[in-house]
Amino acid sequence: MSGLFWFSLLVALVPQVFAQLPVEKIYGVNLGSWLLLEPWMLPQGDLRLESTILTISDPSVFQGGLIWEDKFAQTARNASSPSCTAFAMAYPDTVDQTFAKHWDSWFTQSDLQDLKNAGINTLRIPLGYWIVEALVERPAENYPRGGLDYLRRGLGWVRDSGMHVILDHHALPGVQTPGQEFTGQCTNDVQFYTPHNYHRALVWTAVMTTLSHLDPQFSSVFAIEAVNEPIRDASQTPGYGDFQIKLREDFSLPTTNFTATLQQACSLSLFDADVVDALLDAIPILSGIGLQYGLTDTLTSEPFNSGRSPLVTNFMDVNWQYDNPPNPANAAIGPQGYDNHLYYSFGGVADADPTAYMQSICNLQRIQNDTLPETGGVTLKNGPMAKALDGSIGTSRTEISNLTNGTELARQWSYLEALNMDLLPQNACLLL
């Protein structure tokens with residue numbers, strides 16, 4: 001089994017979203033730390049990992065297991081924690097090759113088949129904005145390049161398997177949340193909530209929406225998530241509600257003779273001025289991607305009739321924030337889903353067994369609040385069922401669990417490992 005790490009993803013659906021879903025009920029996992037590095041999911045002492053993501057030109061980076069040494073370690077410490085940008089800044093000449101090895105091996109067709117065999121039908125893929133490389137403002141911003149190659153390859157595998165995908169904008173331009181490795185740059189200098197970076201996020205959305213409709217490799221994508229875990233205090237996220245509305249306009253793009261249609265739509269004032277600017281900036285990016293992947297005719301000359309339903313837009317649910325947050329349901333002009341992230345893996349919330357978890361979930365006030373009509377109804381919940389622990393972990397990332405007699409690492413983020421340890425039923429449909 002590879003060292004893949006996941007959150008389990010259990011979904012409750014509201015009636016108005018059913019028609020846009022590819023399955024009646026979603027059983028899904030996140031592809032954590034694949035195209036977006038999330039270091040707490042990296043297994044300590046994993047030899048396979050040592051031969052991929054941390055094999056670089058300077059062998060002193062290692063001193064056994066995952067110990068960050070030398071130049072990269074210092075850069076990471078200065079940024080509070082290792083991240084994609086810290087690695088890129090420390091090793092600009094080798095970062096692309098190093099991450100290519102990681103992307104190539106962290107998620108494989110064999111892993112996908114294991115998940116399908118376990119009853120999983122949906123994957124949520126966390127992405128950084130730098131997957132659209134034209135949006136990276138070098139040299140001030142530094143991220144590994146080439147991720148779109150591996151995303152397209154993986155999406156092709158998913159398509160061929162009959163499974164489905166949510167693309168999750170997990171790391172936003174400018175950083176959306178302070179002090180978090182999942183943003184790609186662990187910093188307290190949060191700059192996402194500015195007109196410039198909202199614009200870049202809208203361009204990213206336009207590009208991903210277009211590819212989801214036009215690129216055959218993206219045909220398994222049925223939803224795109226706008227922002228993973230923004231700052232919870234809404235008073236610190238100015239413009240976020242307006243961004244939600246503008247993003248929904250991105251999702252309603254006309255799609256006939258695509259590039260020409262975009263240009264025509266922009267000239268006819270069909271959209272908000274900020275959305276028009278984003279669409280116009282997306283056109284040359286899409287042209288470049290089309291040239292790179294043989295999609296030029298599809299994007300610029302061929303009549304387009306995808307027959308696809310509108311994509312589902314995912315937001316964090318309204319109760320994620322406090323202090324008068326905007327309600328994403330107010331931005332809906334099509335199907336929406338809402339994330340509610342429940343963290344049980346750090347312990348102290350419920351006893352470490354499935355019955356206690358489900359009792360806790362079903363009685364949480366925040367879940368009950370999400371079912372109120374004015375919130376739009378919760379549709380997506382990150383559940384705790386992949387917790388492969390003995391209940392005494394506290395806040396550590398990896399532990400020697402009593403469940404393995406103290407001899408093996410119980411990886412608390414790994415769905416597949418939990419299956420191997422018989423901590424989860426072998427068929428995901430038994431979870432609900």
# chains A, B, ... in the order shown; residues from 1 in each chain; ligands from 1
>>> residues_around(residues="range 183-199 of chain A", least_positions_apart="6", cutoff="9 Å", atoms="only C-alpha atoms", output="ChimeraX atom specification")
/A:36-38,76,79-86,128,143,170-177,228,236-240,243,274-275,277-278
>>> residues_around(residues="Pro126 in chain A", least_positions_apart="3", cutoff="7 Å", atoms="only C-alpha atoms", output="ChimeraX atom specification")
/A:31-32,36,167-170
>>> residues_around(residues="Cys266 in chain A", least_positions_apart="3", cutoff="6 Å", atoms="only C-alpha atoms", output="list of chain:residue names")
A:Gln263, A:Ser269, A:Val276
>>> select_by_dssp(residues="range 196-370 of chain A", states="strand (DSSP E)", output="list of chain:residue names")
A:Val221, A:Phe222, A:Ala223, A:Ile224, A:Glu225, A:Val312, A:Thr313, A:Asn314, A:Phe315, A:Met316, A:Gln336, A:Gly337, A:Tyr338, A:Asp339, A:Asn340, A:His341
>>> closest_atom_pairs(of="range 142-230 of chain A", to="range 22-26 of chain A", cutoff="10 Å", atoms="only C-alpha atoms", output="CSV")
residue,atom,partner,partner_atom,distance
A:Gly162,CA,A:Pro22,CA,9.9
A:Met163,CA,A:Pro22,CA,8.9
A:His164,CA,A:Pro22,CA,7.3
A:Val165,CA,A:Pro22,CA,9.6
A:Ser220,CA,A:Pro22,CA,8.9
A:Val221,CA,A:Pro22,CA,9.5
A:Phe222,CA,A:Pro22,CA,7.3
>>> write_last_selection(atoms="all heavy atoms", output="mmCIF file, in the first residue's frame")
data_model
loop_
_atom_site.group_PDB
_atom_site.id
_atom_site.type_symbol
_atom_site.label_atom_id
_atom_site.label_comp_id
_atom_site.auth_asym_id
_atom_site.auth_seq_id
_atom_site.Cartn_x
_atom_site.Cartn_y
_atom_site.Cartn_z
ATOM 1 N N GLY A 162 -14.789 5.124 -13.827
ATOM 2 C CA GLY A 162 -16.191 5.398 -13.562
ATOM 3 C C GLY A 162 -16.427 6.151 -12.264
ATOM 4 O O GLY A 162 -17.578 6.302 -11.840
ATOM 5 N N MET A 163 -15.368 6.644 -11.642
ATOM 6 C CA MET A 163 -15.503 7.430 -10.421
ATOM 7 C C MET A 163 -15.599 8.922 -10.767
ATOM 8 O O MET A 163 -15.560 9.299 -11.949
ATOM 9 C CB MET A 163 -14.325 7.139 -9.482
ATOM 10 C CG MET A 163 -14.289 5.683 -9.027
ATOM 11 S SD MET A 163 -12.752 5.209 -8.190
ATOM 12 C CE MET A 163 -12.915 6.090 -6.636
ATOM 13 N N HIS A 164 -15.730 9.777 -9.748
ATOM 14 C CA HIS A 164 -16.058 11.177 -9.971
ATOM 15 C C HIS A 164 -15.195 12.075 -9.094
ATOM 16 O O HIS A 164 -14.631 11.629 -8.087
ATOM 17 C CB HIS A 164 -17.542 11.405 -9.698
ATOM 18 C CG HIS A 164 -18.430 10.425 -10.405
ATOM 19 N ND1 HIS A 164 -18.711 10.506 -11.750
ATOM 20 C CD2 HIS A 164 -19.045 9.295 -9.960
ATOM 21 C CE1 HIS A 164 -19.479 9.487 -12.107
ATOM 22 N NE2 HIS A 164 -19.696 8.736 -11.037
ATOM 23 N N VAL A 165 -15.130 13.378 -9.467
ATOM 24 C CA VAL A 165 -14.145 14.273 -8.872
ATOM 25 C C VAL A 165 -14.749 15.618 -8.486
ATOM 26 O O VAL A 165 -15.537 16.202 -9.237
ATOM 27 C CB VAL A 165 -12.968 14.500 -9.850
ATOM 28 C CG1 VAL A 165 -12.055 15.637 -9.378
ATOM 29 C CG2 VAL A 165 -12.159 13.214 -10.017
ATOM 30 N N SER A 220 -14.670 13.625 -15.605
ATOM 31 C CA SER A 220 -15.140 13.083 -14.330
ATOM 32 C C SER A 220 -15.424 14.172 -13.296
ATOM 33 O O SER A 220 -15.978 13.888 -12.234
ATOM 34 C CB SER A 220 -14.098 12.113 -13.752
ATOM 35 O OG SER A 220 -12.862 12.774 -13.537
ATOM 36 N N VAL A 221 -15.064 15.424 -13.602
ATOM 37 C CA VAL A 221 -15.256 16.536 -12.660
ATOM 38 C C VAL A 221 -16.711 16.976 -12.688
ATOM 39 O O VAL A 221 -17.251 17.303 -13.748
ATOM 40 C CB VAL A 221 -14.334 17.718 -13.009
ATOM 41 C CG1 VAL A 221 -14.624 18.910 -12.088
ATOM 42 C CG2 VAL A 221 -12.871 17.309 -12.910
ATOM 43 N N PHE A 222 -17.355 16.990 -11.521
ATOM 44 C CA PHE A 222 -18.732 17.477 -11.447
ATOM 45 C C PHE A 222 -18.879 18.662 -10.509
ATOM 46 O O PHE A 222 -19.951 19.274 -10.437
ATOM 47 C CB PHE A 222 -19.691 16.363 -11.009
ATOM 48 C CG PHE A 222 -19.577 15.980 -9.553
ATOM 49 C CD1 PHE A 222 -20.406 16.557 -8.597
ATOM 50 C CD2 PHE A 222 -18.639 15.051 -9.134
ATOM 51 C CE1 PHE A 222 -20.306 16.213 -7.259
ATOM 52 C CE2 PHE A 222 -18.532 14.695 -7.802
ATOM 53 C CZ PHE A 222 -19.357 15.276 -6.857
#
>>> atom_distance(atom1="CA of Asn30 in chain A", atom2="CA of His341 in chain A")
12.4 Å
>>> select_by_dssp(residues="range 78-243 of chain A", states="alpha helix (DSSP H)", output="MDAnalysis selection string")
chainID A and resid 78 84:90 95:106 109:117 147:161 195:214 240:243
>>> write_last_selection(atoms="C-alpha atoms", output="mmCIF file, in the first residue's frame")
data_model
loop_
_atom_site.group_PDB
_atom_site.id
_atom_site.type_symbol
_atom_site.label_atom_id
_atom_site.label_comp_id
_atom_site.auth_asym_id
_atom_site.auth_seq_id
_atom_site.Cartn_x
_atom_site.Cartn_y
_atom_site.Cartn_z
ATOM 1 C CA ASN A 78 11.569 30.783 8.775
ATOM 2 C CA CYS A 84 5.470 24.007 -1.456
ATOM 3 C CA THR A 85 6.833 27.524 -1.705
ATOM 4 C CA ALA A 86 9.461 26.980 1.024
ATOM 5 C CA PHE A 87 10.813 23.991 -0.860
ATOM 6 C CA ALA A 88 10.788 25.899 -4.159
ATOM 7 C CA MET A 89 12.649 28.822 -2.636
ATOM 8 C CA ALA A 90 15.287 26.565 -1.081
ATOM 9 C CA VAL A 95 12.110 21.556 -7.176
ATOM 10 C CA ASP A 96 10.220 20.701 -10.374
ATOM 11 C CA GLN A 97 11.959 17.346 -10.789
ATOM 12 C CA THR A 98 11.590 16.516 -7.101
ATOM 13 C CA PHE A 99 7.878 17.201 -7.019
ATOM 14 C CA ALA A 100 7.386 15.353 -10.319
ATOM 15 C CA LYS A 101 8.698 12.209 -8.619
ATOM 16 C CA HIS A 102 6.270 12.749 -5.750
ATOM 17 C CA TRP A 103 3.281 13.432 -8.018
ATOM 18 C CA ASP A 104 4.138 10.374 -10.079
ATOM 19 C CA SER A 105 4.189 7.953 -7.139
ATOM 20 C CA TRP A 106 1.976 9.374 -4.367
ATOM 21 C CA GLN A 109 -3.862 3.551 -10.576
ATOM 22 C CA SER A 110 -3.426 0.784 -8.028
ATOM 23 C CA ASP A 111 -4.467 3.161 -5.244
ATOM 24 C CA LEU A 112 -7.497 4.189 -7.262
ATOM 25 C CA GLN A 113 -8.520 0.566 -7.757
ATOM 26 C CA ASP A 114 -8.125 -0.105 -4.030
ATOM 27 C CA LEU A 115 -10.452 2.797 -3.285
ATOM 28 C CA LYS A 116 -12.997 1.665 -5.842
ATOM 29 C CA ASN A 117 -12.904 -1.845 -4.405
ATOM 30 C CA GLY A 147 1.357 19.670 -11.788
ATOM 31 C CA LEU A 148 -1.272 19.988 -14.513
ATOM 32 C CA ASP A 149 0.330 17.064 -16.369
ATOM 33 C CA TYR A 150 -0.286 14.797 -13.387
ATOM 34 C CA LEU A 151 -3.744 16.184 -12.665
ATOM 35 C CA ARG A 152 -4.826 15.400 -16.229
ATOM 36 C CA ARG A 153 -3.312 11.934 -16.018
ATOM 37 C CA GLY A 154 -5.037 11.205 -12.706
ATOM 38 C CA LEU A 155 -8.359 12.559 -13.938
ATOM 39 C CA GLY A 156 -8.093 10.256 -16.927
ATOM 40 C CA TRP A 157 -7.671 7.295 -14.592
ATOM 41 C CA VAL A 158 -10.698 8.417 -12.592
ATOM 42 C CA ARG A 159 -12.768 8.817 -15.751
ATOM 43 C CA ASP A 160 -11.829 5.343 -16.945
ATOM 44 C CA SER A 161 -12.705 3.882 -13.532
ATOM 45 C CA PRO A 195 -9.092 42.862 -5.417
ATOM 46 C CA HIS A 196 -5.944 41.602 -7.158
ATOM 47 C CA ASN A 197 -6.040 38.142 -5.616
ATOM 48 C CA TYR A 198 -9.805 37.778 -5.881
ATOM 49 C CA HIS A 199 -9.209 38.447 -9.578
ATOM 50 C CA ARG A 200 -6.584 35.721 -9.831
ATOM 51 C CA ALA A 201 -8.937 33.280 -8.086
ATOM 52 C CA LEU A 202 -11.693 34.118 -10.571
ATOM 53 C CA VAL A 203 -9.302 33.506 -13.472
ATOM 54 C CA TRP A 204 -8.371 30.148 -11.926
ATOM 55 C CA THR A 205 -12.057 29.286 -11.677
ATOM 56 C CA ALA A 206 -12.685 30.263 -15.291
ATOM 57 C CA VAL A 207 -9.810 28.064 -16.451
ATOM 58 C CA MET A 208 -10.865 25.042 -14.382
ATOM 59 C CA THR A 209 -14.511 25.448 -15.379
ATOM 60 C CA THR A 210 -13.592 25.575 -19.054
ATOM 61 C CA LEU A 211 -11.365 22.515 -18.828
ATOM 62 C CA SER A 212 -14.075 20.640 -16.936
ATOM 63 C CA HIS A 213 -16.439 21.237 -19.846
ATOM 64 C CA LEU A 214 -14.046 20.885 -22.762
ATOM 65 C CA TYR A 240 -15.600 37.474 0.328
ATOM 66 C CA GLY A 241 -19.373 37.596 -0.206
ATOM 67 C CA ASP A 242 -18.979 39.537 -3.458
ATOM 68 C CA PHE A 243 -16.367 37.012 -4.559
#
>>> closest_residue(among="A:Ala265, A:Leu247, A:Ile361, A:Val132", to="Ala331 in chain A", atoms="only C-alpha atoms")
A:Leu247
>>> atom_distance(atom1="CA of Ser287 in chain A", atom2="CA of Thr94 in chain A")
27.8 Å
>>> closest_residue(among="A:Leu295, A:Ile289, A:Met41, A:Leu311", to="Phe182 in chain A", atoms="only C-alpha atoms")
A:Met41
